[in-house]
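Pasting data.txt here (compact mmCIF, C-alpha atoms):
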# COMPACT_ATOMS: atom_id res chain seq x y z
CA MET A 1 14.90 1.25 8.99
CA SER A 2 13.10 4.41 7.90
CA MET A 3 9.63 4.17 6.37
CA ASP A 4 7.26 6.81 5.04
CA LEU A 5 4.18 7.20 2.87
CA THR A 6 3.92 9.85 0.13
CA PHE A 7 0.68 10.74 -1.64
CA LEU A 8 1.18 11.60 -5.31
CA GLY A 9 -2.51 11.77 -6.20
CA THR A 10 -5.51 12.16 -3.90
CA GLY A 11 -8.37 12.87 -6.29
CA SER A 12 -10.99 10.63 -7.81
CA ALA A 13 -12.11 10.10 -11.42
CA TYR A 14 -9.42 12.13 -13.19
CA PRO A 15 -6.34 14.28 -12.53
CA SER A 16 -7.04 17.98 -12.04
CA PRO A 17 -4.82 21.05 -11.55
CA HIS A 18 -5.21 20.70 -7.78
CA ARG A 19 -5.38 16.92 -7.26
CA GLY A 20 -3.67 14.13 -9.15
CA ALA A 21 -5.29 10.76 -9.80
CA SER A 22 -4.76 7.99 -7.25
CA ALA A 23 -1.15 7.08 -6.45
CA VAL A 24 0.64 6.45 -3.16
CA VAL A 25 4.26 5.46 -2.56
CA LEU A 26 5.50 3.50 0.45
CA ARG A 27 9.21 4.11 0.80
CA THR A 28 11.60 1.99 2.79
CA GLU A 29 15.38 2.08 2.68
CA GLY A 30 16.41 1.62 -0.94
CA GLU A 31 12.96 0.76 -2.34
CA CYS A 32 9.70 2.43 -3.36
CA TRP A 33 6.43 0.53 -3.65
CA LEU A 34 3.72 2.20 -5.71
CA PHE A 35 0.04 1.69 -4.86
CA ASP A 36 -2.18 2.57 -7.81
CA CYS A 37 -1.01 4.55 -10.80
CA GLY A 38 -3.59 6.92 -12.20
CA GLU A 39 -3.03 9.06 -15.27
CA GLY A 40 -0.25 11.60 -14.69
CA THR A 41 1.50 9.68 -11.91
CA GLN A 42 4.87 9.96 -13.64
CA THR A 43 4.53 13.76 -13.71
CA GLN A 44 3.67 13.78 -10.02
CA LEU A 45 6.73 11.64 -9.33
CA MET A 46 8.93 14.18 -11.12
CA LYS A 47 7.54 16.95 -8.91
CA SER A 48 8.24 14.95 -5.75
CA GLN A 49 11.42 13.99 -3.94
CA LEU A 50 10.96 10.37 -5.00
CA LYS A 51 12.87 8.62 -7.75
CA SER A 52 10.91 6.53 -10.22
CA GLY A 53 13.90 4.25 -10.73
CA LYS A 54 13.57 3.09 -7.14
CA ILE A 55 10.13 1.55 -7.78
CA THR A 56 10.47 -2.22 -7.41
CA LYS A 57 6.84 -3.22 -6.81
CA VAL A 58 3.48 -1.90 -8.02
CA PHE A 59 0.08 -2.73 -6.51
CA ILE A 60 -3.07 -1.93 -8.48
CA SER A 61 -6.26 -2.03 -6.41
CA HIS A 62 -8.71 -2.29 -9.33
CA LEU A 63 -8.94 -1.69 -13.04
CA HIS A 64 -10.72 1.65 -13.18
CA GLY A 65 -8.73 4.12 -15.23
CA ASP A 66 -8.06 6.64 -12.46
CA HIS A 67 -6.03 3.92 -10.72
CA LEU A 68 -4.43 2.29 -13.76
CA PHE A 69 -4.00 4.46 -16.86
CA GLY A 70 -0.65 5.85 -15.74
CA LEU A 71 1.09 2.47 -15.46
CA PRO A 72 2.24 1.80 -19.07
CA GLY A 73 3.66 5.31 -19.42
CA LEU A 74 5.39 5.15 -16.05
CA LEU A 75 7.13 1.90 -16.93
CA CYS A 76 8.31 3.38 -20.23
CA THR A 77 9.64 6.50 -18.53
CA VAL A 78 11.48 4.44 -15.90
CA SER A 79 13.03 2.52 -18.77
CA LEU A 80 14.06 5.68 -20.66
CA ASN A 81 15.77 7.03 -17.56
CA SER A 82 17.52 3.76 -16.77
CA SER A 83 21.16 3.09 -17.42
CA PRO A 84 21.62 0.29 -19.99
CA THR A 85 24.55 -0.98 -17.94
CA GLN A 86 22.62 -0.92 -14.64
CA PRO A 87 18.93 -1.47 -15.42
CA PRO A 88 16.42 -1.94 -12.59
CA ASN A 89 15.69 -5.43 -11.33
CA CYS A 90 12.46 -7.17 -12.27
CA VAL A 91 9.46 -5.02 -11.31
CA ASP A 92 6.71 -7.11 -9.72
CA ILE A 93 3.18 -5.86 -10.39
CA TYR A 94 0.18 -7.11 -8.41
CA GLY A 95 -3.45 -6.50 -9.29
CA PRO A 96 -6.81 -7.94 -10.34
CA LEU A 97 -7.39 -10.48 -13.06
CA GLY A 98 -7.11 -8.69 -16.41
CA LEU A 99 -4.14 -6.51 -15.46
CA ARG A 100 -1.69 -8.76 -17.31
CA HIS A 101 -3.71 -8.53 -20.51
CA PHE A 102 -4.11 -4.74 -20.22
CA LEU A 103 -0.42 -4.10 -19.77
CA ARG A 104 0.65 -6.56 -22.43
CA VAL A 105 -1.66 -5.02 -25.03
CA ALA A 106 -0.71 -1.43 -24.11
CA LEU A 107 3.00 -2.16 -24.45
CA GLU A 108 2.65 -4.28 -27.59
CA LEU A 109 0.37 -1.91 -29.53
CA SER A 110 2.62 1.06 -28.72
CA GLY A 111 5.76 -0.87 -29.68
CA SER A 112 7.22 -0.18 -26.24
CA GLN A 113 10.37 -1.97 -25.17
CA LEU A 114 11.69 -1.83 -21.62
CA LEU A 115 15.26 -2.06 -20.34
CA PHE A 116 14.14 -4.23 -17.43
CA PRO A 117 11.91 -7.28 -16.93
CA TYR A 118 8.52 -7.16 -15.27
CA ALA A 119 6.06 -9.76 -14.00
CA VAL A 120 2.32 -9.40 -13.40
CA HIS A 121 0.78 -11.39 -10.54
CA GLU A 122 -3.01 -11.47 -10.77
CA LEU A 123 -5.52 -11.80 -7.93
CA GLU A 124 -8.48 -14.05 -8.67
CA PRO A 125 -11.61 -12.21 -7.48
CA THR A 126 -14.67 -13.89 -6.07
CA VAL A 127 -17.99 -13.52 -7.85
CA ASP A 128 -19.65 -11.85 -4.87
CA GLN A 129 -17.29 -8.89 -4.35
CA CYS A 130 -19.03 -6.70 -6.92
CA PRO A 131 -22.38 -6.55 -8.75
CA PRO A 132 -22.75 -9.21 -11.48
CA GLU A 133 -22.34 -6.62 -14.23
CA GLY A 134 -18.96 -5.62 -12.78
CA LEU A 135 -17.35 -9.01 -13.38
CA LEU A 136 -15.22 -9.13 -16.51
CA SER A 137 -15.76 -11.91 -19.01
CA PRO A 138 -12.90 -14.44 -19.27
CA THR A 139 -12.67 -13.56 -22.95
CA VAL A 140 -11.65 -10.05 -21.88
CA THR A 141 -9.21 -10.93 -19.10
CA GLN A 142 -7.53 -13.93 -20.66
CA SER A 143 -4.06 -13.25 -22.03
CA SER A 144 -2.40 -14.96 -24.94
CA GLU A 145 0.39 -17.37 -24.19
CA SER A 146 2.86 -15.06 -25.90
CA LEU A 147 4.67 -12.87 -23.37
CA HIS A 148 5.90 -9.36 -24.06
CA PRO A 149 9.68 -9.49 -24.71
CA GLN A 150 10.45 -8.07 -21.26
CA GLU A 151 7.66 -9.92 -19.46
CA ARG A 152 8.39 -12.74 -17.06
CA PRO A 153 5.80 -15.35 -16.07
CA GLY A 154 3.64 -14.21 -13.17
CA ARG A 155 1.45 -16.02 -10.68
CA THR A 156 -2.31 -16.26 -10.37
CA ILE A 157 -3.08 -15.83 -6.66
CA CYS A 158 -6.27 -17.26 -5.20
CA LEU A 159 -8.07 -16.39 -1.99
CA ASP A 160 -6.93 -18.37 1.05
CA GLY A 161 -10.11 -19.65 2.64
CA GLU A 162 -8.69 -19.80 6.15
CA SER A 163 -7.36 -16.23 6.37
CA ASP A 164 -9.80 -14.77 3.81
CA CYS A 165 -6.79 -12.96 2.30
CA TYR A 166 -4.40 -13.29 -0.62
CA LEU A 167 -0.77 -13.88 0.36
CA LEU A 168 1.24 -11.88 -2.17
CA PHE A 169 4.68 -12.55 -0.72
CA GLU A 170 6.49 -13.12 2.54
CA GLU A 171 10.13 -12.12 2.62
CA LYS A 172 12.30 -10.25 5.08
CA PRO A 173 11.35 -7.86 6.44
CA PHE A 174 7.73 -7.78 5.19
CA THR A 175 4.64 -9.88 4.67
CA VAL A 176 2.20 -8.40 2.15
CA LYS A 177 -1.40 -9.52 1.82
CA ALA A 178 -4.40 -8.38 -0.18
CA PHE A 179 -8.04 -8.58 0.82
CA ARG A 180 -11.39 -8.12 -0.87
CA LEU A 181 -13.39 -4.91 -1.06
CA PHE A 182 -16.87 -4.30 -2.46
CA HIS A 183 -16.96 -1.90 -5.41
CA ARG A 184 -18.54 -1.67 -8.87
CA ILE A 185 -15.77 -3.95 -10.18
CA PRO A 186 -13.45 -6.27 -8.20
CA SER A 187 -11.33 -4.12 -5.90
CA PHE A 188 -8.70 -4.94 -3.31
CA GLY A 189 -6.91 -3.49 -0.32
CA PHE A 190 -3.32 -4.19 0.66
CA CYS A 191 -1.71 -4.81 4.04
CA VAL A 192 2.05 -4.36 4.46
CA GLN A 193 3.18 -5.91 7.75
CA GLU A 194 6.76 -5.42 8.88
CA HIS A 195 8.14 -8.36 10.82
CA ASP A 196 8.92 -7.90 14.51
CA ARG A 197 12.59 -7.27 15.16
CA PRO A 198 14.69 -8.56 18.03
CA GLY A 199 15.05 -6.19 20.95
CA ARG A 200 18.36 -4.64 21.93
CA LEU A 201 20.98 -6.67 23.70
CA ASN A 202 21.47 -6.04 27.40
CA THR A 203 25.16 -5.26 26.99
CA GLN A 204 25.65 -4.60 30.70
CA LEU A 205 24.45 -8.09 31.57
CA LEU A 206 26.62 -9.59 28.83
CA LYS A 207 29.68 -7.84 30.27
CA GLU A 208 28.85 -9.20 33.69
CA LEU A 209 28.75 -12.67 32.13
CA GLY A 210 32.19 -12.05 30.67
CA LEU A 211 31.04 -11.90 27.07
CA LYS A 212 32.81 -9.20 25.08
CA PRO A 213 31.46 -7.55 21.90
CA GLY A 214 32.02 -9.77 18.90
CA PRO A 215 30.40 -12.38 16.64
CA ARG A 216 28.53 -14.01 19.51
CA TYR A 217 26.59 -10.79 20.06
CA GLY A 218 25.26 -11.24 16.52
CA GLN A 219 24.40 -14.87 17.21
CA LEU A 220 22.34 -13.92 20.22
CA LYS A 221 20.65 -11.13 18.27
CA ASN A 222 19.70 -13.67 15.60
CA GLY A 223 18.10 -15.96 18.18
CA GLU A 224 20.96 -18.42 18.57
CA THR A 225 22.08 -19.86 21.92
CA VAL A 226 25.71 -19.22 22.88
CA THR A 227 27.99 -21.30 25.11
CA LEU A 228 30.65 -19.41 27.07
CA GLU A 229 34.19 -20.60 27.74
CA ASN A 230 33.19 -21.72 31.23
CA GLY A 231 30.42 -23.89 29.80
CA GLN A 232 27.57 -21.58 30.76
CA VAL A 233 24.77 -21.52 28.20
CA VAL A 234 23.29 -18.10 27.39
CA LYS A 235 19.88 -18.02 25.72
CA PRO A 236 18.75 -15.01 23.66
CA SER A 237 15.66 -14.60 25.85
CA GLU A 238 17.94 -13.99 28.84
CA VAL A 239 19.85 -11.07 27.33
CA LEU A 240 17.48 -9.52 24.81
CA GLU A 241 15.05 -6.72 25.60
CA PRO A 242 11.44 -7.09 24.35
CA ALA A 243 11.04 -7.39 20.59
CA ILE A 244 10.35 -4.25 18.55
CA PRO A 245 6.86 -4.60 17.05
CA GLY A 246 6.68 -4.35 13.27
CA ARG A 247 4.86 -1.48 11.62
CA LYS A 248 1.69 -2.02 9.59
CA VAL A 249 0.38 0.04 6.68
CA CYS A 250 -2.96 -0.70 5.00
CA ILE A 251 -4.02 0.95 1.75
CA LEU A 252 -7.54 0.38 0.43
CA GLY A 253 -8.80 0.77 -3.10
CA ASP A 254 -12.23 2.11 -3.95
CA CYS A 255 -15.01 0.53 -1.92
CA SER A 256 -18.34 0.96 -0.25
CA SER A 257 -17.37 -1.71 2.30
CA MET A 258 -14.90 -4.44 3.08
CA HIS A 259 -15.97 -7.84 1.83
CA GLY A 260 -15.61 -10.77 4.18
CA GLY A 261 -13.65 -10.73 7.42
CA GLY A 262 -10.14 -10.89 6.00
CA GLY A 263 -9.71 -7.15 5.62
CA LEU A 264 -10.76 -6.32 9.16
CA LYS A 265 -8.36 -8.90 10.56
CA ALA A 266 -5.50 -7.77 8.33
CA CYS A 267 -5.93 -4.09 9.21
CA ARG A 268 -6.31 -4.52 12.96
CA GLY A 269 -3.90 -2.30 14.84
CA ALA A 270 -2.50 -0.66 11.69
CA ASP A 271 -0.23 2.32 12.13
CA ILE A 272 -1.81 3.89 9.03
CA LEU A 273 -5.07 3.03 7.28
CA VAL A 274 -5.60 4.82 3.96
CA HIS A 275 -9.31 4.80 3.16
CA GLU A 276 -11.26 6.54 0.45
CA ALA A 277 -13.80 9.25 1.31
CA THR A 278 -15.04 10.28 -2.11
CA LEU A 279 -18.05 12.26 -0.89
CA ALA A 280 -19.21 13.88 2.35
CA ASP A 281 -21.69 12.17 4.66
CA GLY A 282 -24.59 14.13 3.19
CA HIS A 283 -24.05 12.30 -0.12
CA GLN A 284 -23.81 8.78 1.34
CA GLU A 285 -26.61 7.31 -0.77
CA ARG A 286 -24.94 8.52 -3.96
CA ALA A 287 -21.53 7.38 -2.76
CA VAL A 288 -22.69 3.85 -2.02
CA GLU A 289 -24.62 3.68 -5.29
CA HIS A 290 -21.31 4.23 -7.11
CA GLY A 291 -19.34 1.89 -4.84
CA HIS A 292 -17.68 4.58 -2.76
CA SER A 293 -17.43 5.66 0.89
CA THR A 294 -17.95 8.72 3.04
CA PRO A 295 -15.84 9.93 6.01
CA SER A 296 -18.18 8.31 8.55
CA MET A 297 -17.97 5.00 6.70
CA ALA A 298 -14.17 5.20 6.69
CA ALA A 299 -14.22 6.06 10.39
CA ALA A 300 -16.33 2.99 11.15
CA VAL A 301 -13.69 0.78 9.55
CA ALA A 302 -10.91 2.57 11.45
CA ARG A 303 -12.81 2.14 14.72
CA SER A 304 -13.39 -1.58 14.12
CA CYS A 305 -9.71 -2.08 13.30
CA GLU A 306 -8.43 0.13 16.15
CA VAL A 307 -5.93 1.86 13.89
CA ARG A 308 -3.56 4.58 15.03
CA ARG A 309 -4.08 6.92 12.09
CA LEU A 310 -6.83 7.16 9.48
CA VAL A 311 -5.85 8.95 6.28
CA LEU A 312 -8.73 10.02 4.06
CA SER A 313 -8.08 10.20 0.32
CA HIS A 314 -9.64 9.76 -3.14
CA PHE A 315 -11.73 12.91 -2.81
CA SER A 316 -14.19 14.08 -5.41
CA GLN A 317 -12.58 16.88 -7.39
CA ARG A 318 -15.25 19.20 -5.96
CA TYR A 319 -13.22 19.24 -2.71
CA LYS A 320 -10.21 21.49 -3.13
CA PRO A 321 -7.07 21.13 -0.97
CA VAL A 322 -7.03 23.12 2.26
CA ARG A 323 -4.53 25.61 0.85
CA LEU A 324 -6.96 26.48 -1.98
CA GLN A 325 -10.09 26.46 0.14
CA LYS A 326 -12.00 29.75 0.23
CA ASP A 327 -14.09 30.95 3.14
CA ASN A 328 -17.74 29.93 2.99
CA GLU A 329 -17.11 27.59 0.07
CA GLU A 330 -19.96 25.08 -0.17
CA ASP A 331 -17.82 21.95 -0.59
CA ASN A 332 -15.33 22.31 2.26
CA ILE A 333 -12.72 19.56 2.58
CA LEU A 334 -12.36 20.28 6.30
CA GLU A 335 -15.94 19.10 6.81
CA LEU A 336 -14.86 15.63 5.74
CA GLN A 337 -12.21 15.56 8.46
CA ILE A 338 -14.73 16.69 11.07
CA GLN A 339 -17.19 13.99 10.00
CA ALA A 340 -14.54 11.28 10.36
CA GLU A 341 -13.42 12.64 13.73
CA ASP A 342 -17.03 12.60 14.96
CA GLY A 343 -17.18 8.91 14.05
CA LEU A 344 -14.02 8.24 16.07
CA ARG A 345 -14.90 10.03 19.30
CA GLY A 346 -13.67 8.13 22.31
CA THR A 347 -10.76 6.58 20.41
CA VAL A 348 -7.12 7.62 20.04
CA THR A 349 -7.23 7.42 16.24
CA GLU A 350 -5.91 10.51 14.46
CA VAL A 351 -7.60 11.66 11.24
CA VAL A 352 -5.51 13.13 8.42
CA LEU A 353 -6.65 14.61 5.10
CA ALA A 354 -4.37 13.44 2.31
CA GLU A 355 -2.98 16.11 -0.01
CA ASP A 356 -0.79 15.69 -3.06
CA PHE A 357 2.88 15.41 -2.00
CA LEU A 358 2.02 14.93 1.67
CA THR A 359 4.63 12.64 3.26
CA LEU A 360 3.83 10.84 6.51
CA PRO A 361 6.77 9.28 8.43
CA ILE A 362 5.99 5.93 10.03
CA PRO A 363 8.19 5.78 13.13
CA ILE A 364 9.47 2.59 14.68
CA LYS A 365 7.25 1.39 17.50
CA ARG A 366 8.90 0.86 20.84
CA PRO A 367 7.74 -1.96 23.10
Produce structure tokens that represent the structure in this file.
Amino acid sequence: MSMDLTFLGTGSAYPSPHRGASAVVLRTEGECWLFDCGEGTQTQLMKSQLKSGKITKVFISHLHGDHLFGLPGLLCTVSLNSSPTQPPNCVDIYGPLGLRHFLRVALELSGSQLLFPYAVHELEPTVDQCPPEGLLSPTVTQSSESLHPQERPGRTICLDGESDCYLLFEEKPFTVKAFRLFHRIPSFGFCVQEHDRPGRLNTQLLKELGLKPGPRYGQLKNGETVTLENGQVVKPSEVLEPAIPGRKVCILGDCSSMHGGGGLKACRGADILVHEATLADGHQERAVEHGHSTPSMAAAVARSCEVRRLVLSHFSQRYKPVRLQKDNEEDNILELQIQAEDGLRGTVTEVVLAEDFLTLPIPIKRP
């Protein structure tokens, strides 16, 4: 199964002519999952090779506008471009407490009707994952009992004390969890873990056992024991090569640090870790004051988690993309890459600077 990650917006605060607001799409065969949806995301989608109608799940890391304001408009555009006879399936939307109320009010006040159902699943934050003034009052986040006409009931998901994570769903072939980050308001990261797949059948050994290609090959592949005509029992472990490890992609929202140990555990060994680097190391005090990170801070997380690839994103709009960078420009985006690489010396982790419309393939891992 193919899998890739496309960056639609890599800037912070607002969309600019050279960087869109935060939005990333994880694409697997037949589906697109959108992580954050800043203002202008639907325009970025139109410029890309992705199809908005393929979006089946949306994950919102936190409720700041540069990660959220594009969502109502995107849903309406998907609806306008949908076929009335073949509308999309229910779109599941995951995000912090208050997201359901925001979306319901935006759609209701604008009189927007959708051709497909949606459901909002809210993550219950803990009181210590942001400063006290960043916690929203229940009077603000609480939704009325009246659902939008196309809205389906969603879940409220609480932190699992044992794993220190939020289990969003577990279905073939993925398990998706969220974990806490520390920011000015409750913020979350997301871990998409592909399940391990059975290894290839040793067809030569099967032939030697007298087993010809057919349904029993599928039984063995699915982990079932097979009995041959001569009574010999063949176990999957005897004829299967080592399992193919599942891929792991972790995408973090805005943060100055992870909160608790759940995020570090969830991201360990990730194929790709997307981490914000809003400002260069020389502005670390300012970055942390506003709940953000620098390249060295992102590198420290990547080192702790032993990830294969660290992708820096969510850059201040002062940092132009490499293609627009001028010689001797004071705010050089390449300096951010160098700072992260310095923090990862002695490791095999690769550092990548995210750019709008950059697509990163995530190849299958071989045992």
- Query: Can you list, as a ChimeraX atom specification, every protein, DNA or RNA residue that comes within 8 Å of Glu306 of chain A when you count only C-alpha atoms, leaving out same-chain residues fewer than 5 positions away?
  - Reply: /A:268-270,349
Give me a file of those residues, with C-alpha atoms, as a PDB file, in the coordinates of the input.
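Contents of selection23.pdb, freshly written:
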ATOM      1  CA  ARG A 268      -6.310  -4.520  12.960  1.00  0.00           C
ATOM      2  CA  GLY A 269      -3.900  -2.300  14.840  1.00  0.00           C
ATOM      3  CA  ALA A 270      -2.500  -0.660  11.690  1.00  0.00           C
ATOM      4  CA  THR A 349      -7.230   7.420  16.240  1.00  0.00           C
TER       5      THR A 349
END
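Nearest residue to Val249 of chain A, choosing from A:Lys51, A:Arg27, A:Arg303, A:His148 and counting all atoms listed in the file: A:Arg27.
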- Query: Using only C-alpha atoms, which of the listed residues (A:Leu63, A:Leu115, A:Cys250, A:Leu228) sits closest to Ser82 of chain A?
  - Reply: A:Leu115
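Counting all atoms listed in the file, the residue from A:Arg152, A:Arg180, A:Lys172, A:His283 that sits nearest to Gly262 of chain A is A:Arg180.
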- Got a sec to check which residues sit within 10 Å of (6.9, 12.2, -7.5), counting all atoms listed in the file, and write them as number ranges by chain? A: 6-9, 23-25, 41-52, 356-357
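Of the residues listed (A:Tyr94, A:Phe69, A:Phe59, A:Tyr319), A:Tyr94 shows the shortest atom-to-atom separation from Ala119 of chain A; distances use only C-alpha atoms.
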Using only C-alpha atoms, which residues sit within 6 Å of Leu240 of chain A once same-chain residues fewer than 3 positions away are excluded, as a PDB file with C-alpha atoms, in the frame of the given file?
ATOM      1  CA  GLY A 199      15.050  -6.190  20.950  1.00  0.00           C
ATOM      2  CA  ARG A 200      18.360  -4.640  21.930  1.00  0.00           C
ATOM      3  CA  LEU A 201      20.980  -6.670  23.700  1.00  0.00           C
ATOM      4  CA  ASN A 202      21.470  -6.040  27.400  1.00  0.00           C
ATOM      5  CA  PRO A 236      18.750 -15.010  23.660  1.00  0.00           C
ATOM      6  CA  SER A 237      15.660 -14.600  25.850  1.00  0.00           C
TER       7      SER A 237
END
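Note that atom CA of His64 of chain A and atom CA of Leu252 of chain A are 14.0 Å apart.
The shortest atom-to-atom distance to His259 of chain A, with all atoms listed in the file taken into account, belongs to A:Val301 out of A:Val301, A:Ile362, A:Val234, A:Val239.
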Kindly add all heavy atoms to the incomplete segment 347-355 of chain A and provide the output as a PDB file, in the frame of the given file.
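Contents of part-v5.pdb, freshly written:
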ATOM      1  N   THR A 347     -11.916   7.394  20.800  1.00  0.00           N
ATOM      2  CA  THR A 347     -10.760   6.580  20.410  1.00  0.00           C
ATOM      3  C   THR A 347      -9.519   7.466  20.363  1.00  0.00           C
ATOM      4  O   THR A 347      -9.605   8.690  20.502  1.00  0.00           O
ATOM      5  CB  THR A 347     -10.962   5.938  19.011  1.00  0.00           C
ATOM      6  OG1 THR A 347     -10.841   6.955  17.996  1.00  0.00           O
ATOM      7  CG2 THR A 347     -12.328   5.287  18.908  1.00  0.00           C
ATOM      8  N   VAL A 348      -8.367   6.857  20.152  1.00  0.00           N
ATOM      9  CA  VAL A 348      -7.120   7.620  20.040  1.00  0.00           C
ATOM     10  C   VAL A 348      -6.694   7.759  18.582  1.00  0.00           C
ATOM     11  O   VAL A 348      -5.598   8.227  18.285  1.00  0.00           O
ATOM     12  CB  VAL A 348      -5.986   6.943  20.843  1.00  0.00           C
ATOM     13  CG1 VAL A 348      -6.315   6.941  22.324  1.00  0.00           C
ATOM     14  CG2 VAL A 348      -5.739   5.520  20.343  1.00  0.00           C
ATOM     15  N   THR A 349      -7.565   7.381  17.663  1.00  0.00           N
ATOM     16  CA  THR A 349      -7.230   7.420  16.240  1.00  0.00           C
ATOM     17  C   THR A 349      -7.174   8.863  15.748  1.00  0.00           C
ATOM     18  O   THR A 349      -8.103   9.645  15.955  1.00  0.00           O
ATOM     19  CB  THR A 349      -8.258   6.636  15.416  1.00  0.00           C
ATOM     20  OG1 THR A 349      -8.312   5.287  15.883  1.00  0.00           O
ATOM     21  CG2 THR A 349      -7.890   6.652  13.942  1.00  0.00           C
ATOM     22  N   GLU A 350      -6.086   9.187  15.070  1.00  0.00           N
ATOM     23  CA  GLU A 350      -5.910  10.510  14.460  1.00  0.00           C
ATOM     24  C   GLU A 350      -6.444  10.478  13.035  1.00  0.00           C
ATOM     25  O   GLU A 350      -6.273   9.496  12.323  1.00  0.00           O
ATOM     26  CB  GLU A 350      -4.430  10.885  14.457  1.00  0.00           C
ATOM     27  CG  GLU A 350      -4.114  12.203  13.757  1.00  0.00           C
ATOM     28  CD  GLU A 350      -2.627  12.429  13.563  1.00  0.00           C
ATOM     29  OE1 GLU A 350      -1.839  11.531  13.925  1.00  0.00           O
ATOM     30  OE2 GLU A 350      -2.264  13.498  13.033  1.00  0.00           O
ATOM     31  N   VAL A 351      -7.084  11.560  12.606  1.00  0.00           N
ATOM     32  CA  VAL A 351      -7.600  11.660  11.240  1.00  0.00           C
ATOM     33  C   VAL A 351      -6.772  12.677  10.468  1.00  0.00           C
ATOM     34  O   VAL A 351      -6.543  13.795  10.921  1.00  0.00           O
ATOM     35  CB  VAL A 351      -9.083  12.083  11.223  1.00  0.00           C
ATOM     36  CG1 VAL A 351      -9.582  12.230   9.780  1.00  0.00           C
ATOM     37  CG2 VAL A 351      -9.935  11.071  11.974  1.00  0.00           C
ATOM     38  N   VAL A 352      -6.335  12.273   9.271  1.00  0.00           N
ATOM     39  CA  VAL A 352      -5.510  13.130   8.420  1.00  0.00           C
ATOM     40  C   VAL A 352      -6.167  13.220   7.047  1.00  0.00           C
ATOM     41  O   VAL A 352      -6.649  12.214   6.507  1.00  0.00           O
ATOM     42  CB  VAL A 352      -4.083  12.563   8.265  1.00  0.00           C
ATOM     43  CG1 VAL A 352      -3.261  13.416   7.302  1.00  0.00           C
ATOM     44  CG2 VAL A 352      -3.399  12.471   9.621  1.00  0.00           C
ATOM     45  N   LEU A 353      -6.200  14.422   6.470  1.00  0.00           N
ATOM     46  CA  LEU A 353      -6.650  14.610   5.100  1.00  0.00           C
ATOM     47  C   LEU A 353      -5.439  14.502   4.172  1.00  0.00           C
ATOM     48  O   LEU A 353      -4.473  15.244   4.312  1.00  0.00           O
ATOM     49  CB  LEU A 353      -7.302  15.985   4.917  1.00  0.00           C
ATOM     50  CG  LEU A 353      -8.598  16.259   5.673  1.00  0.00           C
ATOM     51  CD1 LEU A 353      -9.004  17.715   5.491  1.00  0.00           C
ATOM     52  CD2 LEU A 353      -9.714  15.339   5.210  1.00  0.00           C
ATOM     53  N   ALA A 354      -5.477  13.577   3.243  1.00  0.00           N
ATOM     54  CA  ALA A 354      -4.370  13.440   2.310  1.00  0.00           C
ATOM     55  C   ALA A 354      -4.361  14.607   1.329  1.00  0.00           C
ATOM     56  O   ALA A 354      -5.414  15.074   0.887  1.00  0.00           O
ATOM     57  CB  ALA A 354      -4.468  12.118   1.552  1.00  0.00           C
ATOM     58  N   GLU A 355      -3.188  15.082   1.011  1.00  0.00           N
ATOM     59  CA  GLU A 355      -2.980  16.110  -0.010  1.00  0.00           C
ATOM     60  C   GLU A 355      -1.870  15.624  -0.924  1.00  0.00           C
ATOM     61  O   GLU A 355      -0.990  14.870  -0.494  1.00  0.00           O
ATOM     62  CB  GLU A 355      -2.577  17.451   0.630  1.00  0.00           C
ATOM     63  CG  GLU A 355      -3.576  18.006   1.623  1.00  0.00           C
ATOM     64  CD  GLU A 355      -4.782  18.669   0.979  1.00  0.00           C
ATOM     65  OE1 GLU A 355      -4.842  18.662  -0.267  1.00  0.00           O
ATOM     66  OE2 GLU A 355      -5.660  19.167   1.696  1.00  0.00           O
TER      67      GLU A 355
END
